[in-house]
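The data block below is data_34.cif; it holds mmCIF, C-alpha atoms and all ligand atoms.
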```
data_model
#
loop_
_atom_site.label_atom_id
_atom_site.label_comp_id
_atom_site.auth_asym_id
_atom_site.auth_seq_id
_atom_site.Cartn_x
_atom_site.Cartn_y
_atom_site.Cartn_z
CA MET M 1 0.00 0.00 0.00
CA ASN M 2 1.05 3.58 -0.65
CA LYS M 3 3.30 4.74 2.21
CA ASP M 4 1.55 8.13 2.63
CA LEU M 5 -1.87 6.49 2.80
CA GLN M 6 -0.61 4.02 5.38
CA ASP M 7 0.81 6.85 7.54
CA LEU M 8 -2.42 8.80 7.40
CA ARG M 9 -4.44 5.73 8.42
CA VAL M 10 -2.16 5.16 11.40
CA GLN M 11 -2.90 8.75 12.47
CA ILE M 12 -6.65 8.16 12.01
CA ASN M 13 -6.44 5.03 14.16
CA GLU M 14 -4.77 7.00 16.95
CA ILE M 15 -7.49 9.66 16.84
CA ASP M 16 -10.25 7.01 16.77
CA ASN M 17 -8.78 5.41 19.87
CA LYS M 18 -8.80 8.76 21.64
CA ILE M 19 -12.43 9.37 20.59
CA ILE M 20 -13.42 5.95 21.95
CA GLU M 21 -11.54 6.57 25.20
CA LEU M 22 -13.36 9.91 25.63
CA LEU M 23 -16.74 8.36 24.80
CA GLU M 24 -16.10 5.73 27.47
CA LYS M 25 -15.25 8.45 29.99
CA ARG M 26 -18.41 10.36 29.02
CA LEU M 27 -20.52 7.23 29.58
CA GLU M 28 -18.93 6.68 32.98
CA ILE M 29 -20.23 10.11 34.02
CA VAL M 30 -23.62 9.54 32.35
CA LYS M 31 -23.93 6.39 34.48
CA GLU M 32 -23.70 8.55 37.60
CA VAL M 33 -26.29 10.96 36.12
CA GLY M 34 -28.57 7.96 35.56
CA ALA M 35 -28.16 6.81 39.16
CA ILE M 36 -29.14 10.27 40.49
CA LYS M 37 -32.15 10.35 38.17
CA ARG M 38 -33.28 6.91 39.31
CA GLU M 39 -32.93 7.89 42.97
CA LYS M 40 -34.87 11.13 42.48
CA SER M 41 -37.40 9.68 39.99
CA LEU M 42 -36.35 12.17 37.29
CA SER M 43 -36.88 11.58 33.58
CA PHE M 44 -33.97 9.75 31.92
CA TYR M 45 -34.71 11.62 28.70
CA ALA M 46 -33.93 15.30 29.29
CA PRO M 47 -35.01 17.29 26.17
CA GLU M 48 -34.13 20.62 27.81
CA ARG M 49 -30.54 19.46 28.37
CA GLU M 50 -30.30 18.04 24.85
CA ASN M 51 -31.41 21.39 23.41
CA GLN M 52 -28.71 23.16 25.42
CA ILE M 53 -26.12 20.77 23.96
CA TYR M 54 -27.44 21.31 20.40
CA LYS M 55 -27.40 25.07 20.89
CA ALA M 56 -23.78 24.97 22.04
CA LEU M 57 -22.90 22.93 18.92
CA ASP M 58 -24.72 25.49 16.78
CA SER M 59 -22.55 28.32 18.03
CA LEU M 60 -19.25 26.57 17.18
CA LYS M 61 -17.10 27.80 14.31
CA LEU M 62 -16.01 24.69 12.42
CA THR M 63 -13.67 24.27 9.48
CA PHE M 64 -14.68 20.91 8.07
CA MET M 65 -17.79 19.66 9.74
CA ASN M 66 -21.33 20.43 8.66
CA LYS M 67 -23.59 21.39 11.63
CA ASN M 68 -26.23 18.78 10.76
CA SER M 69 -23.60 16.03 10.71
CA LEU M 70 -22.28 17.14 14.09
CA LYS M 71 -25.82 17.18 15.48
CA ALA M 72 -26.42 13.65 14.14
CA ILE M 73 -23.25 12.41 15.86
CA PHE M 74 -24.32 13.93 19.18
CA ARG M 75 -27.87 12.63 18.71
CA GLU M 76 -26.44 9.12 18.61
CA ILE M 77 -24.03 9.71 21.51
CA MET M 78 -26.98 10.81 23.67
CA SER M 79 -29.11 7.92 22.38
CA VAL M 80 -26.44 5.50 23.64
CA SER M 81 -26.37 7.42 26.95
CA ILE M 82 -30.14 7.14 27.45
CA LYS M 83 -30.00 3.44 26.63
CA MET M 84 -27.35 2.93 29.27
CA GLU M 85 -29.30 4.94 31.89
CA GLU M 86 -32.56 3.12 31.04
CA PRO M 87 -33.45 1.34 27.77
CA LEU M 88 -36.52 3.44 26.95
CA THR M 89 -39.32 2.35 24.62
CA ILE M 90 -40.64 4.86 22.09
CA SER M 91 -44.06 4.28 20.59
CA TYR M 92 -44.90 5.96 17.26
CA LEU M 93 -47.55 6.08 14.56
CA GLY M 94 -46.32 3.27 12.30
CA PRO M 95 -45.74 1.21 10.35
CA GLU M 96 -41.95 1.24 10.05
CA ALA M 97 -40.46 3.76 7.59
CA THR M 98 -43.26 6.34 7.97
CA PHE M 99 -42.33 10.00 8.45
CA THR M 100 -43.33 9.62 12.12
CA HIS M 101 -40.76 6.82 12.42
CA GLN M 102 -38.19 9.19 10.88
CA ALA M 103 -39.23 11.93 13.37
CA ALA M 104 -38.87 9.51 16.31
CA ILE M 105 -35.35 8.49 15.23
CA GLU M 106 -34.38 12.12 14.67
CA LYS M 107 -35.46 12.83 18.27
CA PHE M 108 -34.15 9.75 20.09
CA GLY M 109 -31.43 8.27 17.83
CA THR M 110 -31.17 4.62 16.84
CA SER M 111 -30.16 3.04 20.16
CA LEU M 112 -33.60 2.85 21.81
CA TYR M 113 -36.54 0.45 21.30
CA TYR M 114 -39.20 1.53 18.84
CA GLN M 115 -42.76 0.30 18.88
CA PRO M 116 -44.90 1.02 15.78
CA GLU M 117 -48.64 1.44 16.40
CA GLU M 118 -51.59 1.43 14.00
CA SER M 119 -53.24 4.60 15.29
CA ILE M 120 -52.52 7.88 17.05
CA GLU M 121 -54.91 6.72 19.79
CA ASP M 122 -52.76 3.61 20.43
CA VAL M 123 -49.63 5.77 20.80
CA PHE M 124 -51.42 7.84 23.48
CA PHE M 125 -52.62 4.66 25.22
CA ASP M 126 -49.10 3.16 25.20
CA VAL M 127 -47.79 6.19 27.10
CA GLU M 128 -50.79 6.45 29.46
CA GLN M 129 -50.67 2.76 30.33
CA ASP M 130 -46.86 2.56 30.64
CA ARG M 131 -46.35 0.28 27.63
CA ALA M 132 -44.00 2.96 26.30
CA ASP M 133 -41.98 5.72 27.95
CA PHE M 134 -42.61 8.26 25.19
CA GLY M 135 -44.75 8.53 22.07
CA VAL M 136 -44.31 10.39 18.77
CA VAL M 137 -47.33 11.66 16.79
CA PRO M 138 -47.81 14.14 13.91
CA ILE M 139 -49.46 17.45 14.83
CA GLU M 140 -49.36 19.68 11.74
CA ASN M 141 -48.09 19.91 8.18
CA SER M 142 -47.05 23.16 6.53
CA ILE M 143 -49.31 22.46 3.52
CA GLU M 144 -52.15 20.27 4.85
CA GLY M 145 -52.59 22.02 8.22
CA VAL M 146 -53.37 20.51 11.62
CA VAL M 147 -53.77 16.78 12.38
CA ASN M 148 -57.17 16.97 14.08
CA TYR M 149 -56.97 13.46 15.44
CA THR M 150 -53.93 14.31 17.57
CA LEU M 151 -55.44 17.56 18.89
CA ASP M 152 -58.68 15.78 19.85
CA MET M 153 -56.77 13.11 21.80
CA PHE M 154 -55.59 15.70 24.32
CA VAL M 155 -59.16 16.35 25.53
CA ASN M 156 -59.44 13.13 27.51
CA SER M 157 -55.77 12.27 27.97
CA ASN M 158 -53.43 13.43 30.68
CA VAL M 159 -50.20 12.87 28.74
CA LYS M 160 -47.92 15.89 28.40
CA ILE M 161 -46.08 17.32 25.40
CA VAL M 162 -42.39 17.04 26.28
CA SER M 163 -40.71 17.93 23.01
CA GLU M 164 -41.27 18.76 19.32
CA VAL M 165 -39.51 17.87 16.10
CA MET M 166 -39.85 19.01 12.47
CA VAL M 167 -39.17 16.78 9.49
CA ASP M 168 -38.78 17.87 5.85
CA ILE M 169 -41.22 15.77 3.88
CA LYS M 170 -39.63 14.42 0.71
CA HIS M 171 -41.76 12.16 -1.48
CA ASN M 172 -40.31 9.55 -3.83
CA LEU M 173 -41.77 7.20 -6.41
CA LEU M 174 -40.83 3.63 -5.47
CA SER M 175 -41.44 0.39 -7.33
CA LYS M 176 -40.12 -3.07 -8.18
CA ALA M 177 -40.32 -1.90 -11.80
CA THR M 178 -37.33 -0.20 -13.37
CA SER M 179 -39.09 2.39 -15.55
CA LEU M 180 -42.12 4.66 -15.36
CA SER M 181 -43.65 3.07 -18.47
CA GLU M 182 -44.37 -0.13 -16.49
CA ILE M 183 -46.49 1.67 -13.83
CA LYS M 184 -50.29 1.22 -14.05
CA ALA M 185 -51.26 2.38 -10.51
CA VAL M 186 -49.82 4.56 -7.75
CA TYR M 187 -50.59 3.93 -4.09
CA SER M 188 -50.09 6.35 -1.19
CA HIS M 189 -51.61 8.23 1.73
CA PRO M 190 -54.16 10.80 0.41
CA ASN M 191 -51.97 13.71 1.63
CA ALA M 192 -48.95 12.42 -0.30
CA LEU M 193 -51.04 11.84 -3.46
CA GLY M 194 -52.35 15.41 -3.10
CA GLN M 195 -48.88 16.84 -2.57
CA CYS M 196 -47.57 15.17 -5.76
CA LYS M 197 -50.63 15.83 -7.95
CA ASN M 198 -48.90 17.91 -10.64
CA TRP M 199 -45.92 15.58 -10.91
CA LEU M 200 -48.25 12.58 -11.32
CA LYS M 201 -50.34 14.37 -13.95
CA LYS M 202 -47.23 15.18 -15.95
CA HIS M 203 -45.30 11.90 -15.65
CA LEU M 204 -47.98 9.26 -15.10
CA PRO M 205 -51.16 10.72 -16.63
CA ASN M 206 -52.80 7.31 -17.15
CA ALA M 207 -52.00 5.70 -13.80
CA ILE M 208 -54.84 4.95 -11.36
CA LEU M 209 -54.32 6.68 -7.97
CA LEU M 210 -55.21 4.57 -4.93
CA GLU M 211 -55.28 5.63 -1.25
CA THR M 212 -53.63 3.80 1.65
CA ALA M 213 -53.57 4.45 5.41
CA SER M 214 -49.86 5.37 5.35
CA THR M 215 -47.08 5.97 2.85
CA ALA M 216 -45.26 2.91 4.27
CA LYS M 217 -48.29 0.68 3.65
CA ALA M 218 -48.20 1.82 0.02
CA ALA M 219 -44.55 0.71 -0.22
CA LYS M 220 -45.50 -2.70 1.19
CA ILE M 221 -48.13 -3.10 -1.55
CA ALA M 222 -45.66 -1.98 -4.24
CA ALA M 223 -43.21 -4.64 -3.08
CA LYS M 224 -45.68 -7.33 -4.21
CA ASP M 225 -46.68 -6.05 -7.64
CA LYS M 226 -44.31 -4.83 -10.34
CA SER M 227 -47.02 -2.87 -12.17
CA VAL M 228 -47.61 -0.50 -9.25
CA ALA M 229 -45.60 2.23 -7.57
CA ALA M 230 -45.80 3.85 -4.14
CA ILE M 231 -45.17 7.42 -3.05
CA SER M 232 -43.11 6.91 0.08
CA SER M 233 -39.91 7.68 1.96
CA LEU M 234 -36.38 6.60 1.06
CA ALA M 235 -36.37 4.57 4.29
CA ALA M 236 -39.29 2.56 2.84
CA SER M 237 -37.31 1.92 -0.36
CA SER M 238 -34.58 0.16 1.63
CA LEU M 239 -37.02 -1.61 3.97
CA TYR M 240 -39.04 -3.09 1.08
CA ASP M 241 -36.18 -3.31 -1.42
CA LEU M 242 -37.79 -0.99 -3.99
CA ASN M 243 -36.21 0.99 -6.81
CA VAL M 244 -36.36 4.76 -6.50
CA LEU M 245 -37.89 5.73 -9.87
CA ALA M 246 -38.01 9.44 -9.00
CA ARG M 247 -36.87 11.52 -6.02
CA GLY M 248 -38.42 14.65 -4.50
CA ILE M 249 -41.63 14.53 -6.55
CA GLU M 250 -43.65 16.85 -4.27
CA ASP M 251 -45.13 19.86 -6.09
CA LYS M 252 -44.19 22.38 -3.42
CA ILE M 253 -40.81 22.49 -1.78
CA ASN M 254 -40.69 23.46 1.90
CA ASN M 255 -43.10 20.74 2.92
CA VAL M 256 -42.50 20.27 6.64
CA THR M 257 -44.38 18.23 9.24
CA ARG M 258 -44.22 19.01 12.95
CA PHE M 259 -44.38 16.09 15.39
CA LEU M 260 -44.91 16.04 19.15
CA VAL M 261 -43.19 13.82 21.68
CA ILE M 262 -45.61 12.88 24.46
CA GLY M 263 -44.65 11.66 27.90
CA LYS M 264 -45.76 11.93 31.50
CA HIS M 265 -43.73 14.78 33.00
CA ILE M 266 -43.11 18.34 31.91
CA PRO M 267 -39.36 18.94 31.38
CA SER M 268 -37.53 21.76 33.19
CA PRO M 269 -37.01 25.06 31.32
CA SER M 270 -34.30 25.00 28.62
CA GLY M 271 -34.12 28.77 28.20
CA GLU M 272 -36.07 28.73 24.93
CA ASP M 273 -39.40 27.02 25.44
CA LYS M 274 -42.98 26.82 24.27
CA THR M 275 -46.13 26.15 26.27
CA SER M 276 -49.27 24.52 24.83
CA LEU M 277 -52.69 24.99 26.43
CA MET M 278 -56.27 24.09 25.67
CA PHE M 279 -59.39 25.83 26.98
CA SER M 280 -63.08 26.38 26.34
CA ILE M 281 -64.80 29.76 26.59
CA HIS M 282 -68.14 31.11 27.80
CA ASP M 283 -70.64 31.91 25.04
CA LYS M 284 -70.65 35.69 25.45
CA VAL M 285 -69.46 38.88 23.79
CA GLY M 286 -65.73 39.44 24.13
CA ALA M 287 -64.97 36.02 25.66
CA LEU M 288 -62.08 35.24 23.30
CA TYR M 289 -60.92 38.86 23.36
CA SER M 290 -60.55 38.83 27.17
CA ILE M 291 -58.42 35.69 26.91
CA LEU M 292 -56.13 37.06 24.23
CA LYS M 293 -55.83 40.23 26.33
CA ILE M 294 -54.39 38.17 29.21
CA PHE M 295 -51.51 37.06 26.97
CA TYR M 296 -51.02 40.61 25.74
CA ASP M 297 -51.06 42.06 29.27
CA ASN M 298 -48.37 39.58 30.32
CA GLN M 299 -46.35 40.32 27.16
CA ILE M 300 -46.56 36.71 26.01
CA ASN M 301 -46.12 35.92 22.34
CA LEU M 302 -48.97 33.71 21.12
CA THR M 303 -47.56 31.65 18.24
CA ARG M 304 -50.56 29.52 17.27
CA ILE M 305 -54.28 29.25 17.89
CA GLU M 306 -56.60 26.49 16.63
CA SER M 307 -60.20 25.70 17.43
CA ARG M 308 -61.98 22.34 17.32
CA PRO M 309 -65.61 21.37 17.93
CA SER M 310 -65.98 20.45 21.63
CA LYS M 311 -68.04 17.33 20.70
CA GLN M 312 -70.07 17.92 23.88
CA GLU M 313 -72.48 20.45 22.44
CA ASN M 314 -72.98 21.63 18.84
CA TRP M 315 -71.27 24.92 17.96
CA SER M 316 -69.19 25.04 21.11
CA TYR M 317 -65.42 24.93 20.67
CA ILE M 318 -62.16 24.08 22.33
CA PHE M 319 -59.21 26.37 21.65
CA TYR M 320 -55.60 25.23 21.48
CA VAL M 321 -52.84 27.78 21.83
CA ASP M 322 -49.04 27.73 21.77
CA VAL M 323 -47.19 30.54 23.49
CA ASP M 324 -43.52 31.39 23.91
CA GLY M 325 -42.11 30.63 27.37
CA HIS M 326 -42.19 27.88 30.02
CA ILE M 327 -44.99 27.39 32.56
CA GLU M 328 -42.39 27.87 35.33
CA SER M 329 -41.69 31.41 34.08
CA GLU M 330 -43.41 34.18 36.04
CA SER M 331 -45.36 35.62 33.08
CA VAL M 332 -46.68 32.34 31.64
CA LYS M 333 -47.67 31.11 35.09
CA LYS M 334 -49.48 34.37 35.82
CA ALA M 335 -51.32 34.23 32.47
CA PHE M 336 -52.31 30.59 33.09
CA ASP M 337 -53.69 31.46 36.55
CA SER M 338 -55.65 34.44 35.17
CA LEU M 339 -57.00 32.26 32.36
CA SER M 340 -58.13 29.59 34.86
CA GLU M 341 -60.20 32.22 36.66
CA ILE M 342 -62.30 33.22 33.64
CA VAL M 343 -62.76 30.09 31.47
CA PRO M 344 -65.00 27.07 32.19
CA PHE M 345 -62.17 24.66 31.37
CA VAL M 346 -58.40 24.92 30.90
CA LYS M 347 -55.64 22.31 30.64
CA LEU M 348 -51.88 22.63 30.44
CA LEU M 349 -50.70 20.32 27.65
CA GLY M 350 -47.00 20.89 28.22
CA SER M 351 -43.97 23.14 28.27
CA TYR M 352 -41.08 21.98 26.11
CA PRO M 353 -37.93 23.20 24.37
CA LYS M 354 -38.39 24.79 20.97
CA TYR M 355 -37.09 22.65 18.13
CA ILE M 356 -33.56 23.45 16.97
CA LYS M 357 -32.83 22.36 13.40
O1 LIG C 401 -27.70 15.30 31.31
C1 LIG C 401 -28.49 14.37 31.42
O2 LIG C 401 -29.58 14.51 32.01
C2 LIG C 401 -28.20 13.05 30.86
O3 LIG C 401 -28.90 12.11 31.12
C3 LIG C 401 -27.06 12.93 29.90
C4 LIG C 401 -27.51 13.05 28.46
C5 LIG C 401 -26.19 13.12 27.60
O4 LIG C 401 -25.79 12.10 27.09
O5 LIG C 401 -25.61 14.22 27.52
C6 LIG C 401 -28.31 11.87 28.08
C7 LIG C 401 -29.67 11.90 27.97
C8 LIG C 401 -30.47 13.08 28.19
O6 LIG C 401 -31.60 13.13 27.34
C9 LIG C 401 -29.66 14.31 28.11
C10 LIG C 401 -28.30 14.28 28.23
#
```
What does this structure look like when you write it as structure tokens?
Ligand SMILES: O=C(O)C(=O)C[C@]1(C(=O)O)C=C[C@@H](O)C=C1
Amino acid sequence: MNKDLQDLRVQINEIDNKIIELLEKRLEIVKEVGAIKREKSLSFYAPERENQIYKALDSLKLTFMNKNSLKAIFREIMSVSIKMEEPLTISYLGPEATFTHQAAIEKFGTSLYYQPEESIEDVFFDVEQDRADFGVVPIENSIEGVVNYTLDMFVNSNVKIVSEVMVDIKHNLLSKATSLSEIKAVYSHPNALGQCKNWLKKHLPNAILLETASTAKAAKIAAKDKSVAAISSLAASSLYDLNVLARGIEDKINNVTRFLVIGKHIPSPSGEDKTSLMFSIHDKVGALYSILKIFYDNQINLTRIESRPSKQENWSYIFYVDVDGHIESESVKKAFDSLSEIVPFVKLLGSYPKYIK
């Protein structure tokens, strides 16, 4: 072998050994952290601490390394740490290779146990009934809007939002076939078919479009029939051994879905947090105005408001709001207390660190 190459590889080996030695030292300390958490019944997963670590990485000036790559390395280091402290189980809206699966891995890394579920309801039940430590569910898409099913689940559940994660949605045409001319039908979730409408019209004008419960289910169907294709993720192409006939076929770029991590305990403040609340209002003039005024009076930035039918009585609604700040901060706490005094019903859904890309 070339002498220079050999020398360089010897140097790389030395550095790798140092990295491993340092990782071992880090885990030794994490073990002590885990013991304290067990003794004090604290959550092994600490999203507020993870965000602080990501933020510190973000402020570094690096010569060679891309920030996303560095974040991915630290995601996995912390995933290994959590596993050593306690091998947590993460339930998510499945099947495998869905965007929710991708969101769960982005949040917790690959070292934990993942449990796919058939419905959003089952993910909530897993967390409520201790079959999983945390759950991951979709909450809104930048094009399609809110996932009503998830919002409605919070009415009767006492799980808390502990974290959020955003995933860029990239659609791909997958098939056992090797060319577009062989495709007679395209399967996918209705949202994905809708998001790729123009591409399909242009490239597969004669194909029949068929709906499935998830993009991953579509890939499973495509794996059995060479004349069909699925719109699904790249993860599904490897899982079901499908050819990628076309990449990034969504009509609009900037298609992002936001997911929530649900658990049982509200994490401590990270320094940059969000609080989610739900409440109902009295049926009278100015009811919503007086609520919004509370946030204004406390100088709280309201970042989102949604309403949903209460399902108790026709034409009565439940409001969901997201505000900047943690419930342990003076202003958010004060606003929450004032709100509790004037509405028939209010519930704190969680305070959690804002997502850092
Ligand atoms: O600091 C903690 O609370 C830890 O448990 C350590 C650690 C880490 O590896 O840095 C691991 C898991 C937590 O989610 C956050 C951080």
Surroundings of ligand LIG 401 (chain C) up to 7 Å, based on only C-alpha atoms and all ligand atoms, as an mmCIF file with C-alpha atoms, keeping the file's coordinate frame:
```cif
data_model
loop_
_atom_site.group_PDB
_atom_site.id
_atom_site.type_symbol
_atom_site.label_atom_id
_atom_site.label_comp_id
_atom_site.auth_asym_id
_atom_site.auth_seq_id
_atom_site.Cartn_x
_atom_site.Cartn_y
_atom_site.Cartn_z
ATOM 1 C CA VAL M 30 -23.620 9.540 32.350
ATOM 2 C CA VAL M 33 -26.290 10.960 36.120
ATOM 3 C CA GLY M 34 -28.570 7.960 35.560
ATOM 4 C CA PHE M 44 -33.970 9.750 31.920
ATOM 5 C CA TYR M 45 -34.710 11.620 28.700
ATOM 6 C CA ALA M 46 -33.930 15.300 29.290
ATOM 7 C CA PRO M 47 -35.010 17.290 26.170
ATOM 8 C CA ARG M 49 -30.540 19.460 28.370
ATOM 9 C CA GLU M 50 -30.300 18.040 24.850
ATOM 10 C CA ILE M 77 -24.030 9.710 21.510
ATOM 11 C CA MET M 78 -26.980 10.810 23.670
ATOM 12 C CA SER M 79 -29.110 7.920 22.380
ATOM 13 C CA SER M 81 -26.370 7.420 26.950
ATOM 14 C CA ILE M 82 -30.140 7.140 27.450
#
```
Non-local contacts of M:Pro95 (12 Å; all atoms listed in the file; under 3 positions in same chain excluded) as a ChimeraX atom specification: /M:91-92,98-102,114-120,213-220,235-236,239
Nearest-residue call for M:Asp337, choices M:Leu57, M:Val10, M:Ala185, M:Ile294, using only C-alpha atoms: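 Checking each of M:Leu57, M:Val10, M:Ala185, M:Ile294 against M:Asp337, counting only C-alpha atoms, the winner is M:Ile294.
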Contact residues around M:Val244 with only C-alpha atoms at 8 Å, ignoring same-chain residues under 3 positions, as an NGL selection string: :M and (172-175 or 234 or 237 or 247)
How would the residues just chosen look if you wrote them out with C-alpha atoms as a compact mmCIF listing (two decimals), in the frame of the given file?
```
# COMPACT_ATOMS: atom_id res chain seq x y z
CA ASN M 172 -40.31 9.55 -3.83
CA LEU M 173 -41.77 7.20 -6.41
CA LEU M 174 -40.83 3.63 -5.47
CA SER M 175 -41.44 0.39 -7.33
CA LEU M 234 -36.38 6.60 1.06
CA SER M 237 -37.31 1.92 -0.36
CA ARG M 247 -36.87 11.52 -6.02
```
Residues within 8 Å of stretch 324-333 of chain M, all atoms listed in the file, excluding chain neighbours under 5 positions, as a PyMOL selection string: chain M and resi 269+272-275+298-303+351-352
Option closest in space to M:Ser307, from M:Ser276, M:Asn206, M:Ser238, M:Asn148 [counting all atoms listed in the file]: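 Comparing M:Ser276, M:Asn206, M:Ser238, M:Asn148 against M:Ser307, the winner is M:Asn148.
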Proximity to M:Thr150 - best of M:Glu48, M:Glu106, M:Asp122, M:Glu39, all atoms listed in the file: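 Smallest separation from M:Thr150 among the options: M:Asp122.
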Within 12 Å of file point (-65.1, 28.3, 22.4), counting all atoms listed in the file, expressed as a PyMOL selection string: chain M and resi 278-289+291+305-320+343-346
Given all atoms listed in the file as the counted atoms, nearest of M:Asp58, M:Asp241, M:Asp322, M:Asp251 to M:Leu349: M:Asp322
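Picture a line from atom CA of M:Gln52 to atom CA of M:Tyr355; it runs 11.1 Å.
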Test item: residues at most 7 Å from M:Asp133, only C-alpha atoms, excluding those fewer than 4 positions along its chain, as a PyMOL selection string: chain M and resi 88-90+127+263
Shell of 7 Å around stretch 155-171 of chain M, all atoms listed in the file, local chain residues under 3 positions omitted, as a count of residues only: 32
Two-atom distance - atom CA of M:Lys25, atom CA of M:Ile73 (Å): 16.7 Å
Nearest residue to M:Lys37 from the set M:Ile15, M:Ser227, M:Asp7, M:Glu86 (distances using only C-alpha atoms):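 The closest residue to M:Lys37 is M:Glu86.
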Quick one: stretch 40-55 of chain M with N, CA and C atoms, as a compact mmCIF listing (two decimals), keeping the file's coordinate frame?
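Once everything was written out, this is result-v5.txt:
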```txt
# COMPACT_ATOMS: atom_id res chain seq x y z
N LYS M 40 -33.95 10.00 42.31
CA LYS M 40 -34.87 11.13 42.48
C LYS M 40 -36.11 11.03 41.57
N SER M 41 -36.29 9.90 40.93
CA SER M 41 -37.40 9.68 39.99
C SER M 41 -37.51 10.77 38.93
N LEU M 42 -36.35 11.16 38.36
CA LEU M 42 -36.35 12.17 37.29
C LEU M 42 -36.38 11.45 35.94
N SER M 43 -36.80 12.18 34.91
CA SER M 43 -36.88 11.58 33.58
C SER M 43 -35.48 11.31 33.02
N PHE M 44 -35.28 10.08 32.50
CA PHE M 44 -33.97 9.75 31.92
C PHE M 44 -33.73 10.55 30.65
N TYR M 45 -34.80 10.77 29.90
CA TYR M 45 -34.71 11.62 28.70
C TYR M 45 -34.88 13.07 29.15
N ALA M 46 -33.90 13.91 28.84
CA ALA M 46 -33.93 15.30 29.29
C ALA M 46 -33.87 16.22 28.06
N PRO M 47 -35.03 16.50 27.40
CA PRO M 47 -35.01 17.29 26.17
C PRO M 47 -34.44 18.69 26.37
N GLU M 48 -34.64 19.25 27.57
CA GLU M 48 -34.13 20.62 27.81
C GLU M 48 -32.59 20.62 27.80
N ARG M 49 -31.99 19.58 28.36
CA ARG M 49 -30.54 19.46 28.37
C ARG M 49 -30.02 19.19 26.94
N GLU M 50 -30.72 18.35 26.22
CA GLU M 50 -30.30 18.04 24.85
C GLU M 50 -30.32 19.31 24.00
N ASN M 51 -31.35 20.14 24.18
CA ASN M 51 -31.41 21.39 23.41
C ASN M 51 -30.24 22.31 23.74
N GLN M 52 -29.85 22.32 25.03
CA GLN M 52 -28.71 23.16 25.42
C GLN M 52 -27.44 22.66 24.72
N ILE M 53 -27.30 21.34 24.64
CA ILE M 53 -26.12 20.77 23.96
C ILE M 53 -26.16 21.12 22.47
N TYR M 54 -27.32 20.97 21.83
CA TYR M 54 -27.44 21.31 20.40
C TYR M 54 -27.15 22.78 20.15
N LYS M 55 -27.61 23.63 21.06
CA LYS M 55 -27.40 25.07 20.89
C LYS M 55 -25.92 25.40 20.97
```
